[in-house]
file model02.cif (mmCIF, C-alpha atoms and all ligand atoms)
data_query
loop_
_atom_site.label_atom_id
_atom_site.label_comp_id
_atom_site.auth_asym_id
_atom_site.auth_seq_id
_atom_site.Cartn_x
_atom_site.Cartn_y
_atom_site.Cartn_z
CA MET A 409 -18.15 -30.64 31.63
CA SER A 410 -17.54 -27.21 30.22
CA ASN A 411 -14.71 -26.40 27.90
CA PRO A 412 -11.61 -25.32 29.91
CA ALA A 413 -10.83 -22.56 27.44
CA GLU A 414 -14.25 -20.98 28.11
CA SER A 415 -14.64 -21.43 31.84
CA SER A 416 -11.21 -21.64 33.42
CA THR A 417 -10.31 -19.55 36.46
CA THR A 418 -6.91 -18.29 35.28
CA GLU A 419 -6.19 -14.58 36.05
CA SER A 420 -3.14 -13.03 34.42
CA SER A 421 -2.82 -10.53 37.33
CA TRP A 422 -2.09 -13.31 39.83
CA ASP A 423 1.38 -13.76 41.22
CA PRO A 424 2.99 -16.80 39.55
CA LYS A 425 2.88 -18.68 42.89
CA THR A 426 -0.91 -18.27 42.88
CA LEU A 427 -1.28 -18.85 39.16
CA ILE A 428 0.32 -22.28 39.26
CA VAL A 429 -2.01 -23.37 42.05
CA ALA A 430 -5.28 -21.68 41.08
CA GLY A 431 -5.01 -21.33 37.30
CA GLY A 432 -6.45 -23.83 34.84
CA ARG A 433 -9.24 -24.98 37.14
CA PRO A 434 -12.98 -25.24 36.43
CA ALA A 435 -14.99 -22.14 37.40
CA HIS A 436 -16.19 -22.12 41.03
CA GLY A 437 -19.74 -23.34 41.61
CA LEU A 438 -21.72 -25.83 43.65
CA ASP A 439 -20.60 -29.37 42.84
CA ALA A 440 -17.99 -28.15 40.35
CA PRO A 441 -14.93 -30.44 40.47
CA VAL A 442 -11.66 -28.72 41.40
CA ASN A 443 -9.79 -30.45 38.56
CA TYR A 444 -10.69 -31.01 34.93
CA PRO A 445 -11.14 -34.63 33.95
CA VAL A 446 -8.86 -36.44 31.52
CA ASN A 447 -10.47 -36.79 28.09
CA PHE A 448 -9.62 -40.17 26.66
CA THR A 449 -10.96 -39.94 23.16
CA SER A 450 -9.47 -40.10 19.70
CA THR A 451 -12.28 -38.22 17.98
CA TYR A 452 -15.35 -36.04 18.55
CA HIS A 453 -18.87 -36.04 17.17
CA SER A 454 -18.75 -33.95 13.98
CA GLN A 455 -20.35 -33.79 10.53
CA GLY A 456 -19.89 -31.69 7.42
CA ILE A 457 -17.39 -28.90 6.99
CA ALA A 458 -15.80 -28.16 10.37
CA ALA A 459 -16.58 -24.77 11.89
CA ALA A 460 -13.69 -22.67 13.22
CA GLY A 461 -12.63 -23.96 16.63
CA GLU A 462 -14.37 -27.31 16.23
CA LYS A 463 -12.34 -30.09 17.82
CA VAL A 464 -12.90 -32.72 15.08
CA TYR A 465 -10.07 -35.16 15.95
CA ALA A 466 -7.83 -35.63 19.00
CA ARG A 467 -4.59 -35.07 17.07
CA PHE A 468 -5.85 -31.53 16.45
CA SER A 469 -7.01 -30.72 19.97
CA ASN A 470 -7.89 -32.23 23.32
CA PRO A 471 -9.61 -30.30 26.16
CA THR A 472 -7.19 -31.93 28.61
CA TRP A 473 -4.35 -29.90 27.03
CA ASP A 474 -6.16 -26.59 27.54
CA PRO A 475 -5.67 -25.86 31.27
CA PHE A 476 -1.96 -26.68 31.17
CA GLU A 477 -1.45 -24.66 27.99
CA GLU A 478 -3.32 -21.75 29.56
CA VAL A 479 -1.29 -21.85 32.80
CA LEU A 480 2.08 -22.13 31.04
CA GLY A 481 1.20 -19.42 28.50
CA THR A 482 0.19 -17.05 31.32
CA LEU A 483 3.28 -17.93 33.39
CA GLU A 484 5.48 -17.04 30.41
CA ARG A 485 3.53 -13.76 30.11
CA SER A 486 1.80 -14.52 26.84
CA GLU A 487 -1.89 -13.92 26.24
CA LEU A 488 -1.88 -17.03 24.07
CA PRO A 489 -1.94 -20.55 25.44
CA ALA A 490 1.25 -22.61 25.18
CA LEU A 491 1.35 -25.60 22.83
CA VAL A 492 2.14 -28.98 24.38
CA PHE A 493 4.30 -31.48 22.49
CA SER A 494 5.11 -35.14 22.98
CA SER A 495 8.60 -34.28 24.33
CA GLY A 496 10.98 -31.38 24.70
CA MET A 497 12.72 -32.69 21.57
CA ALA A 498 9.44 -32.66 19.62
CA ALA A 499 9.00 -29.00 20.63
CA ILE A 500 12.62 -28.34 19.60
CA ALA A 501 12.07 -30.04 16.22
CA ALA A 502 9.01 -27.84 15.65
CA ALA A 503 11.03 -24.72 16.55
CA LEU A 504 13.90 -25.77 14.26
CA SER A 505 11.39 -26.07 11.40
CA LEU A 506 11.23 -22.25 11.55
CA VAL A 507 14.83 -21.86 10.34
CA PRO A 508 14.44 -21.02 6.64
CA ALA A 509 15.96 -23.40 4.07
CA GLY A 510 19.54 -22.32 3.47
CA GLY A 511 19.39 -20.04 6.52
CA VAL A 512 21.84 -19.48 9.37
CA MET A 513 21.24 -20.28 13.03
CA VAL A 514 23.39 -18.99 15.91
CA LEU A 515 23.30 -21.39 18.86
CA PRO A 516 25.21 -22.04 22.09
CA ALA A 517 28.16 -24.42 21.62
CA HIS A 518 27.03 -26.02 24.90
CA SER A 519 23.32 -26.38 24.17
CA TYR A 520 21.51 -29.48 25.39
CA ASN A 521 23.08 -32.29 23.37
CA GLY A 522 19.76 -33.31 21.77
CA THR A 523 19.30 -29.79 20.41
CA LEU A 524 22.87 -29.86 19.11
CA GLY A 525 22.43 -33.35 17.64
CA LEU A 526 19.24 -32.50 15.74
CA ALA A 527 20.57 -29.13 14.56
CA GLN A 528 23.78 -30.80 13.34
CA GLU A 529 21.80 -33.52 11.57
CA LEU A 530 19.77 -30.86 9.74
CA GLU A 531 22.95 -28.96 8.88
CA THR A 532 24.52 -32.14 7.45
CA ALA A 533 21.37 -32.70 5.38
CA GLY A 534 21.88 -29.21 3.89
CA ARG A 535 18.83 -27.59 5.55
CA PHE A 536 20.74 -24.71 7.18
CA THR A 537 24.11 -23.61 8.57
CA LEU A 538 25.03 -23.43 12.25
CA ARG A 539 27.16 -20.79 13.98
CA PRO A 540 28.02 -22.14 17.45
CA VAL A 541 28.95 -19.45 19.98
CA ASP A 542 29.93 -19.08 23.61
CA ILE A 543 26.70 -17.49 24.82
CA ALA A 544 28.40 -16.01 27.89
CA ASN A 545 30.56 -13.97 25.49
CA THR A 546 28.14 -11.23 24.46
CA ALA A 547 30.47 -9.62 21.89
CA GLN A 548 30.95 -12.98 20.14
CA VAL A 549 27.20 -13.61 19.92
CA LEU A 550 26.53 -10.07 18.65
CA ASP A 551 29.14 -10.54 15.88
CA ALA A 552 27.59 -13.87 14.89
CA LEU A 553 24.17 -12.25 14.39
CA ASP A 554 25.18 -10.57 11.13
CA GLY A 555 23.30 -12.34 8.34
CA ALA A 556 21.72 -14.84 10.77
CA ASP A 557 18.07 -15.92 10.57
CA VAL A 558 17.59 -17.48 14.01
CA LEU A 559 19.22 -16.93 17.41
CA TRP A 560 18.79 -19.99 19.62
CA LEU A 561 19.58 -19.40 23.28
CA GLU A 562 19.64 -21.64 26.30
CA SER A 563 20.42 -19.96 29.61
CA PRO A 564 21.75 -21.30 31.90
CA THR A 565 23.22 -23.84 29.48
CA ASN A 566 23.10 -27.59 29.96
CA PRO A 567 25.47 -28.74 31.49
CA MET A 568 28.05 -25.93 31.71
CA LEU A 569 25.66 -23.42 33.33
CA GLU A 570 26.84 -20.44 31.30
CA VAL A 571 24.53 -17.44 31.66
CA ALA A 572 23.63 -15.27 28.65
CA ASP A 573 22.89 -11.56 28.70
CA LEU A 574 19.36 -12.20 27.44
CA PRO A 575 18.12 -8.56 27.29
CA VAL A 576 21.12 -7.40 25.25
CA LEU A 577 21.19 -10.42 22.91
CA LEU A 578 17.43 -10.52 22.34
CA SER A 579 17.19 -6.83 21.62
CA ALA A 580 20.18 -6.87 19.22
CA ALA A 581 18.71 -9.87 17.39
CA GLY A 582 15.35 -8.11 17.15
CA GLU A 583 16.98 -5.08 15.51
CA LYS A 584 18.43 -7.40 12.88
CA ASP A 585 15.14 -9.24 12.31
CA VAL A 586 16.61 -12.46 13.63
CA LEU A 587 13.99 -14.85 15.06
CA ARG A 588 14.69 -15.34 18.79
CA VAL A 589 14.16 -18.71 20.46
CA VAL A 590 14.99 -19.39 24.13
CA ASP A 591 15.06 -22.80 25.77
CA ASN A 592 13.84 -21.87 29.27
CA THR A 593 13.90 -25.40 30.70
CA PHE A 594 16.61 -24.79 33.32
CA ALA A 595 15.28 -21.46 34.61
CA THR A 596 11.51 -22.11 34.33
CA PRO A 597 9.18 -19.09 34.02
CA LEU A 598 9.45 -18.57 37.77
CA LEU A 599 13.09 -17.48 37.41
CA GLN A 600 13.15 -15.92 33.93
CA ARG A 601 10.57 -14.85 31.32
CA PRO A 602 12.24 -14.48 27.91
CA LEU A 603 9.10 -13.30 26.06
CA GLU A 604 9.15 -10.15 28.20
CA LEU A 605 12.71 -9.54 27.03
CA GLY A 606 11.81 -9.84 23.35
CA ALA A 607 12.04 -13.56 22.60
CA ASP A 608 9.67 -14.74 19.86
CA LEU A 609 9.44 -18.29 21.12
CA VAL A 610 10.12 -20.11 24.38
CA VAL A 611 10.90 -23.83 24.44
CA HIS A 612 10.38 -26.15 27.42
CA SER A 613 11.16 -29.68 28.26
CA VAL A 614 8.12 -30.11 30.53
CA THR A 615 9.73 -33.43 31.49
CA LYS A 616 11.95 -31.48 33.90
CA TYR A 617 10.93 -28.83 36.48
CA LEU A 618 7.45 -28.03 35.21
CA SER A 619 6.15 -31.57 35.72
CA GLY A 620 8.78 -32.19 38.39
CA HIS A 621 8.45 -35.88 39.26
CA SER A 622 10.50 -37.74 36.64
CA ASP A 623 7.42 -39.63 35.50
CA ILE A 624 6.53 -38.19 32.08
CA ILE A 625 8.18 -36.98 28.87
CA MET A 626 6.61 -33.81 27.48
CA GLY A 627 7.51 -30.53 25.80
CA ALA A 628 5.94 -27.14 25.14
CA LEU A 629 6.32 -23.97 23.08
CA VAL A 630 5.07 -20.51 24.01
CA THR A 631 4.79 -17.40 21.83
CA ARG A 632 2.93 -14.08 21.84
CA ASP A 633 2.56 -14.14 18.05
CA GLU A 634 -0.74 -15.58 16.84
CA ALA A 635 0.48 -16.37 13.33
CA LEU A 636 3.56 -18.14 14.72
CA ARG A 637 1.40 -20.12 17.15
CA ALA A 638 -0.92 -21.15 14.32
CA ARG A 639 2.05 -22.30 12.25
CA LEU A 640 3.46 -24.34 15.15
CA HIS A 641 0.03 -25.76 15.89
CA GLY A 642 -0.09 -26.85 12.23
CA TYR A 643 3.34 -28.44 12.59
CA ARG A 644 2.24 -30.33 15.71
CA THR A 645 -0.89 -31.61 14.01
CA LEU A 646 0.83 -32.74 10.82
CA HIS A 647 3.82 -34.31 12.58
CA GLY A 648 1.59 -35.94 15.19
CA ALA A 649 3.88 -34.60 17.93
CA ILE A 650 1.07 -34.51 20.49
CA SER A 651 1.07 -35.34 24.18
CA SER A 652 -1.04 -38.02 25.78
CA PRO A 653 -3.90 -36.48 27.81
CA MET A 654 -2.80 -38.45 30.88
CA ASP A 655 0.69 -36.93 30.65
CA VAL A 656 -0.73 -33.42 30.38
CA PHE A 657 -2.92 -34.07 33.43
CA LEU A 658 0.19 -35.18 35.35
CA ALA A 659 2.13 -32.14 34.13
CA LEU A 660 -0.57 -29.81 35.41
CA ARG A 661 -0.63 -31.64 38.74
CA GLY A 662 3.17 -31.33 38.88
CA VAL A 663 3.27 -27.63 38.04
CA ARG A 664 1.00 -26.89 41.03
CA THR A 665 4.00 -27.33 43.36
CA LEU A 666 6.67 -25.74 41.16
CA SER A 667 7.35 -22.77 43.45
CA VAL A 668 7.74 -24.81 46.66
CA ARG A 669 9.85 -27.42 44.87
CA LEU A 670 12.09 -24.76 43.38
CA GLU A 671 12.43 -22.89 46.63
CA ARG A 672 13.67 -26.00 48.43
CA SER A 673 15.85 -27.31 45.60
CA GLN A 674 17.49 -23.91 45.11
CA ASN A 675 18.22 -23.58 48.83
CA ASN A 676 19.70 -27.09 48.80
CA SER A 677 21.75 -26.22 45.70
CA GLN A 678 23.25 -23.14 47.29
CA VAL A 679 24.35 -25.07 50.39
CA LEU A 680 25.75 -27.99 48.39
CA ALA A 681 27.55 -25.76 45.86
CA GLU A 682 29.24 -23.80 48.67
CA ARG A 683 30.37 -26.97 50.42
CA LEU A 684 31.53 -28.61 47.17
CA ALA A 685 33.54 -25.47 46.34
CA GLN A 686 35.48 -25.96 49.64
CA HIS A 687 36.06 -29.68 49.11
CA PRO A 688 39.67 -30.74 48.43
CA LYS A 689 38.67 -33.42 45.85
CA ILE A 690 36.65 -30.98 43.71
CA ASN A 691 38.47 -28.78 41.24
CA VAL A 692 35.75 -26.63 39.73
CA VAL A 693 32.15 -26.00 40.80
CA ARG A 694 29.80 -24.31 38.35
CA TYR A 695 26.71 -22.79 39.93
CA PRO A 696 25.50 -19.25 39.22
CA GLY A 697 24.67 -18.82 42.91
CA LEU A 698 28.36 -18.92 43.89
CA PRO A 699 29.89 -15.41 44.05
CA GLN A 700 33.02 -16.68 42.26
CA ASP A 701 31.01 -18.21 39.36
CA PRO A 702 31.50 -16.42 36.00
CA GLY A 703 27.70 -16.22 35.57
CA HIS A 704 26.98 -14.93 39.10
CA ALA A 705 26.69 -11.19 38.45
CA ARG A 706 24.55 -11.68 35.36
CA ALA A 707 22.27 -14.26 36.98
CA THR A 708 21.86 -12.01 40.03
CA GLU A 709 20.79 -9.15 37.79
CA LEU A 710 18.61 -11.08 35.34
CA MET A 711 17.14 -14.07 37.17
CA ASP A 712 14.85 -14.48 40.17
CA GLY A 713 16.97 -17.37 41.47
CA TYR A 714 19.98 -19.45 40.49
CA GLY A 715 18.24 -22.71 39.63
CA SER A 716 18.88 -26.19 40.96
CA VAL A 717 21.58 -27.68 38.74
CA ILE A 718 25.22 -27.76 39.84
CA ALA A 719 28.09 -29.02 37.69
CA PHE A 720 31.38 -29.98 39.34
CA GLU A 721 34.65 -31.55 38.27
CA VAL A 722 35.78 -34.45 40.43
CA GLY A 723 39.47 -35.37 40.86
CA ASP A 724 41.19 -35.42 37.50
CA SER A 725 39.60 -38.20 35.45
CA ALA A 726 36.39 -39.82 34.24
CA ALA A 727 37.30 -42.78 36.50
CA HIS A 728 37.25 -40.50 39.56
CA ALA A 729 33.83 -39.15 38.64
CA ASP A 730 32.51 -42.65 37.93
CA ALA A 731 33.80 -43.90 41.30
CA VAL A 732 31.92 -41.13 43.09
CA LEU A 733 28.73 -41.86 41.14
CA ALA A 734 29.00 -45.56 41.97
CA ALA A 735 29.34 -44.76 45.68
CA PHE A 736 26.11 -42.77 46.01
CA THR A 737 23.39 -44.52 47.98
CA LEU A 738 20.79 -41.73 48.21
CA ILE A 739 21.53 -39.76 45.06
CA THR A 740 20.40 -41.59 41.92
CA GLY A 741 22.83 -42.00 39.04
CA ALA A 742 20.62 -41.17 36.04
CA THR A 743 20.26 -38.75 33.20
CA SER A 744 17.61 -35.97 33.32
CA LEU A 745 16.92 -33.25 35.86
CA GLY A 746 14.22 -31.17 37.48
CA GLY A 747 12.53 -33.90 39.53
CA VAL A 748 11.96 -33.95 43.29
CA GLU A 749 14.77 -36.49 43.67
CA THR A 750 18.47 -35.66 43.27
CA LEU A 751 20.01 -37.13 40.11
CA ALA A 752 23.68 -37.17 39.13
CA GLU A 753 25.38 -38.00 35.88
CA ARG A 754 28.78 -37.76 34.23
CA ARG A 755 27.68 -35.94 31.10
CA ALA A 756 30.70 -36.82 28.94
CA ARG A 757 29.62 -40.49 29.07
CA HIS A 758 27.34 -39.56 26.17
CA ALA A 759 29.23 -39.61 22.87
CA SER A 760 26.89 -36.82 21.73
CA GLU A 761 28.14 -34.42 24.41
CA PRO A 762 30.36 -31.58 23.07
CA ALA A 763 34.08 -32.43 23.43
CA THR A 764 34.59 -29.28 25.54
CA VAL A 765 32.52 -30.72 28.40
CA PRO A 766 35.17 -32.06 30.84
CA GLU A 767 35.38 -35.86 31.20
CA ASN A 768 35.22 -35.62 35.00
CA LEU A 769 32.24 -33.24 35.15
CA ILE A 770 29.25 -34.44 37.14
CA ARG A 771 25.91 -32.70 36.62
CA LEU A 772 23.87 -32.73 39.79
CA SER A 773 20.15 -32.02 39.57
CA VAL A 774 19.41 -31.13 43.16
CA GLY A 775 16.10 -32.31 44.55
CA ILE A 776 14.04 -31.48 47.61
CA GLU A 777 15.43 -34.04 50.08
CA ASP A 778 16.94 -32.93 53.38
CA VAL A 779 20.15 -31.10 52.52
CA GLU A 780 22.18 -32.78 55.28
CA ASP A 781 21.25 -36.23 53.95
CA LEU A 782 22.36 -35.11 50.48
CA TRP A 783 25.62 -33.70 51.81
CA ALA A 784 26.30 -36.88 53.80
CA ASP A 785 25.90 -38.94 50.59
CA LEU A 786 28.06 -36.56 48.55
CA SER A 787 30.86 -36.20 51.08
CA ARG A 788 30.97 -39.94 51.81
CA ALA A 789 31.09 -40.75 48.07
CA LEU A 790 33.92 -38.26 47.60
CA GLU A 791 35.98 -40.19 50.20
CA GLN A 792 36.12 -43.05 47.67
CA ILE A 793 38.70 -41.29 45.50
N1 LIG B 801 16.05 -28.79 26.60
C1 LIG B 801 16.87 -29.00 27.66
C2 LIG B 801 17.62 -27.84 28.26
C3 LIG B 801 17.04 -30.29 28.16
O1 LIG B 801 17.86 -30.49 29.21
C4 LIG B 801 16.33 -31.37 27.56
C5 LIG B 801 16.48 -32.76 28.06
O2 LIG B 801 17.34 -33.06 28.84
C6 LIG B 801 15.51 -31.10 26.46
C7 LIG B 801 15.38 -29.80 26.03
C8 LIG B 801 14.78 -32.21 25.75
O3 LIG B 801 13.62 -32.54 26.44
P1 LIG B 801 12.93 -34.00 26.42
O4 LIG B 801 13.89 -34.94 27.07
O5 LIG B 801 11.67 -33.76 27.16
O6 LIG B 801 12.70 -34.37 24.98
#

call {"tool": "encode", "arguments": {"input": "model02.cif", "output": "structure tokens", "more": "lines below"}}
Ligand code: PLP
result
Amino acid sequence: MSNPAESSTTESSWDPKTLIVAGGRPAHGLDAPVNYPVNFTSTYHSQGIAAAGEKVYARFSNPTWDPFEEVLGTLERSELPALVFSSGMAAIAAALSLVPAGGVMVLPAHSYNGTLGLAQELETAGRFTLRPVDIANTAQVLDALDGADVLWLESPTNPMLEVADLPVLLSAAGEKDVLRVVDNTFATPLLQRPLELGADLVVHSVTKYLSGHSDIIMGALVTRDEALRARLHGYRTLHGAISSPMDVFLALRGVRTLSVRLERSQNNSQVLAERLAQHPKINVVRYPGLPQDPGHARATELMDGYGSVIAFEVGDSAAHADAVLAAFTLITGATSLGGVETLAERRARHASEPATVPENLIRLSVGIEDVEDLWADLSRALEQI
């Protein structure tokens, strides 16, 4: 079997909907398989001083990573392959290693709570200082950039769904030589491509939409900068933050259907968000696709879709939200998002969630089921309070 990096079919001119299906496949030819095999090996035949590009050991490289890394890199509009990691958090840890000792990092006050938790742990250990900001407030973020080393963005944010003005923030940070990192997990490269807007590094939890079936944990980083990629590759190798080849195979299989999954889950989200916004037991619905949402105008201008996560506040207490969650029969009460099945969770149940996330807020990761079945489950569960 030829090396994916040398013989793969990926064309950067393809539309993303084609790229996810046709990219990262063996070259066409009689008897050629349509998928690369999974390489289960811990090491490779090698002797003497390793030549450049030699595989050597499976913590350094595995051909099973190559097609996925190539497809994700191309989707994010980089000429360099992505780097897969053992989880989104492992990718985040690698990205946080770029903050210089004693440096300053600006980050969204409502980032994913794992990002916040690790960044706060590193701040407590004296590694760097954090400047949390409301990323929807452009003036506040611009002010915070003075003297900063890294701007960390997540847009839309998890779970408050705030939308950042990425072009303005990324270009201002670039002028001040601030390293720009964007967690693109919620939007996926089909809805937003931060590298094109100036980001230095894109972070993904592949666990979510990219793999799409709630069956693996995996992360990835993408950059256009060769030296930065080499440094992050070195970090991955030395920290052993690598993905199992079977997981990467599943991620590539999952990404093949990303556009059809997203199309359905976004359509479902729009219908459910509109109905929830009319419901007497719901106080606030956050979804950038709703005209009344604070992020609507920005998301309409900057994104190619509004995503498939809705956050809504039920009744007036955590007990109300918990009662609704307990009454679901189709929707699964579970953490995580981005899978084909609809998941719901009261985010404030996690002690690590920022205190500004309302106690009665349910995050709904909308899947690809029939929308009327989802609405029937939601509206029936809401009768319980
Ligand atoms: N980034 C975002 C926006 C997330 O929602 C998550 C997980 O929920 C992560 C990163 C972490 O990814 P993982 O769970 O794959 O480590």

call {"tool": "atom_distance", "arguments": {"input": "model02.cif", "atom1": "atom CA of Ser495 of chain A", "atom2": "atom CA of Ile625 of chain A"}}
result
5.3 Å

call {"tool": "residues_near_ligand", "arguments": {"input": "model02.cif", "ligand": "ligand LIG 801 (chain B)", "cutoff": "8 Å", "atoms": "all atoms listed in the file", "output": "PDB file with C-alpha atoms, keeping the file's coordinate frame"}}
result
ATOM      1  CA  SER A 494       5.110 -35.140  22.980  1.00  0.00           C
ATOM      2  CA  SER A 495       8.600 -34.280  24.330  1.00  0.00           C
ATOM      3  CA  GLY A 496      10.980 -31.380  24.700  1.00  0.00           C
ATOM      4  CA  MET A 497      12.720 -32.690  21.570  1.00  0.00           C
ATOM      5  CA  ALA A 498       9.440 -32.660  19.620  1.00  0.00           C
ATOM      6  CA  ALA A 499       9.000 -29.000  20.630  1.00  0.00           C
ATOM      7  CA  ILE A 500      12.620 -28.340  19.600  1.00  0.00           C
ATOM      8  CA  SER A 519      23.320 -26.380  24.170  1.00  0.00           C
ATOM      9  CA  TYR A 520      21.510 -29.480  25.390  1.00  0.00           C
ATOM     10  CA  ASN A 521      23.080 -32.290  23.370  1.00  0.00           C
ATOM     11  CA  GLY A 522      19.760 -33.310  21.770  1.00  0.00           C
ATOM     12  CA  THR A 523      19.300 -29.790  20.410  1.00  0.00           C
ATOM     13  CA  GLU A 562      19.640 -21.640  26.300  1.00  0.00           C
ATOM     14  CA  THR A 565      23.220 -23.840  29.480  1.00  0.00           C
ATOM     15  CA  ASN A 566      23.100 -27.590  29.960  1.00  0.00           C
ATOM     16  CA  ASP A 591      15.060 -22.800  25.770  1.00  0.00           C
ATOM     17  CA  ASN A 592      13.840 -21.870  29.270  1.00  0.00           C
ATOM     18  CA  THR A 593      13.900 -25.400  30.700  1.00  0.00           C
ATOM     19  CA  PHE A 594      16.610 -24.790  33.320  1.00  0.00           C
ATOM     20  CA  VAL A 611      10.900 -23.830  24.440  1.00  0.00           C
ATOM     21  CA  HIS A 612      10.380 -26.150  27.420  1.00  0.00           C
ATOM     22  CA  SER A 613      11.160 -29.680  28.260  1.00  0.00           C
ATOM     23  CA  VAL A 614       8.120 -30.110  30.530  1.00  0.00           C
ATOM     24  CA  THR A 615       9.730 -33.430  31.490  1.00  0.00           C
ATOM     25  CA  LYS A 616      11.950 -31.480  33.900  1.00  0.00           C
ATOM     26  CA  ILE A 625       8.180 -36.980  28.870  1.00  0.00           C
ATOM     27  CA  MET A 626       6.610 -33.810  27.480  1.00  0.00           C
ATOM     28  CA  GLY A 627       7.510 -30.530  25.800  1.00  0.00           C
ATOM     29  CA  THR A 743      20.260 -38.750  33.200  1.00  0.00           C
ATOM     30  CA  SER A 744      17.610 -35.970  33.320  1.00  0.00           C
ATOM     31  CA  LEU A 745      16.920 -33.250  35.860  1.00  0.00           C
TER      32      LEU A 745
END

call {"tool": "atom_distance", "arguments": {"input": "model02.cif", "atom1": "atom CA of Arg637 of chain A", "atom2": "atom CA of Gly747 of chain A"}}
result
28.5 Å

call {"tool": "axis_aligned_box", "arguments": {"input": "model02.cif", "around": "segment 712-727 of chain A", "padding_each_side": "4 Å", "output": "JSON"}}
result
{"center_x": 28.0, "center_y": -28.6, "center_z": 37.9, "size_x": 34.3, "size_y": 36.3, "size_z": 15.2}

call {"tool": "atom_distance", "arguments": {"input": "model02.cif", "atom1": "atom CA of Thr472 of chain A", "atom2": "atom CA of Val630 of chain A"}}
result
17.4 Å

call {"tool": "closest_residue", "arguments": {"input": "model02.cif", "among": "A:Leu438, A:Leu636, A:Ala581, A:Ile624", "to": "Leu506 of chain A", "atoms": "all atoms listed in the file"}}
result
A:Leu636

call {"tool": "closest_residue", "arguments": {"input": "model02.cif", "among": "A:Ala556, A:Val549, A:Leu618, A:Leu524", "to": "Leu483 of chain A", "atoms": "only C-alpha atoms"}}
result
A:Leu618

call {"tool": "closest_residue", "arguments": {"input": "model02.cif", "among": "A:Phe720, A:Phe657, A:Phe468, A:Tyr643", "to": "Glu682 of chain A", "atoms": "only C-alpha atoms"}}
result
A:Phe720

call {"tool": "build_atoms", "arguments": {"input": "model02.cif", "residues": "segment 493-497 of chain A", "atoms": "all heavy atoms", "output": "PDB file, keeping the file's coordinate frame"}}
result
ATOM      1  N   PHE A 493       3.732 -30.544  23.465  1.00  0.00           N
ATOM      2  CA  PHE A 493       4.300 -31.480  22.490  1.00  0.00           C
ATOM      3  C   PHE A 493       4.637 -32.790  23.209  1.00  0.00           C
ATOM      4  O   PHE A 493       4.718 -32.837  24.433  1.00  0.00           O
ATOM      5  CB  PHE A 493       5.569 -30.899  21.850  1.00  0.00           C
ATOM      6  CG  PHE A 493       5.274 -29.869  20.785  1.00  0.00           C
ATOM      7  CD1 PHE A 493       4.909 -28.574  21.124  1.00  0.00           C
ATOM      8  CD2 PHE A 493       5.335 -30.203  19.437  1.00  0.00           C
ATOM      9  CE1 PHE A 493       4.622 -27.623  20.153  1.00  0.00           C
ATOM     10  CE2 PHE A 493       5.049 -29.262  18.450  1.00  0.00           C
ATOM     11  CZ  PHE A 493       4.689 -27.972  18.807  1.00  0.00           C
ATOM     12  N   SER A 494       4.880 -33.817  22.404  1.00  0.00           N
ATOM     13  CA  SER A 494       5.110 -35.140  22.980  1.00  0.00           C
ATOM     14  C   SER A 494       6.420 -35.230  23.761  1.00  0.00           C
ATOM     15  O   SER A 494       6.597 -36.153  24.557  1.00  0.00           O
ATOM     16  CB  SER A 494       5.100 -36.199  21.865  1.00  0.00           C
ATOM     17  OG  SER A 494       5.884 -35.749  20.780  1.00  0.00           O
ATOM     18  N   SER A 495       7.351 -34.305  23.550  1.00  0.00           N
ATOM     19  CA  SER A 495       8.600 -34.280  24.330  1.00  0.00           C
ATOM     20  C   SER A 495       9.224 -32.909  24.121  1.00  0.00           C
ATOM     21  O   SER A 495       8.820 -32.163  23.214  1.00  0.00           O
ATOM     22  CB  SER A 495       9.580 -35.363  23.840  1.00  0.00           C
ATOM     23  OG  SER A 495       9.960 -35.105  22.492  1.00  0.00           O
ATOM     24  N   GLY A 496      10.231 -32.615  24.934  1.00  0.00           N
ATOM     25  CA  GLY A 496      10.980 -31.380  24.700  1.00  0.00           C
ATOM     26  C   GLY A 496      11.593 -31.416  23.310  1.00  0.00           C
ATOM     27  O   GLY A 496      11.601 -30.409  22.594  1.00  0.00           O
ATOM     28  N   MET A 497      12.100 -32.572  22.900  1.00  0.00           N
ATOM     29  CA  MET A 497      12.720 -32.690  21.570  1.00  0.00           C
ATOM     30  C   MET A 497      11.698 -32.472  20.451  1.00  0.00           C
ATOM     31  O   MET A 497      12.042 -31.922  19.397  1.00  0.00           O
ATOM     32  CB  MET A 497      13.414 -34.047  21.403  1.00  0.00           C
ATOM     33  CG  MET A 497      14.796 -34.138  22.037  1.00  0.00           C
ATOM     34  SD  MET A 497      15.932 -32.765  21.632  1.00  0.00           S
ATOM     35  CE  MET A 497      16.092 -32.905  19.871  1.00  0.00           C
TER      36      MET A 497
END
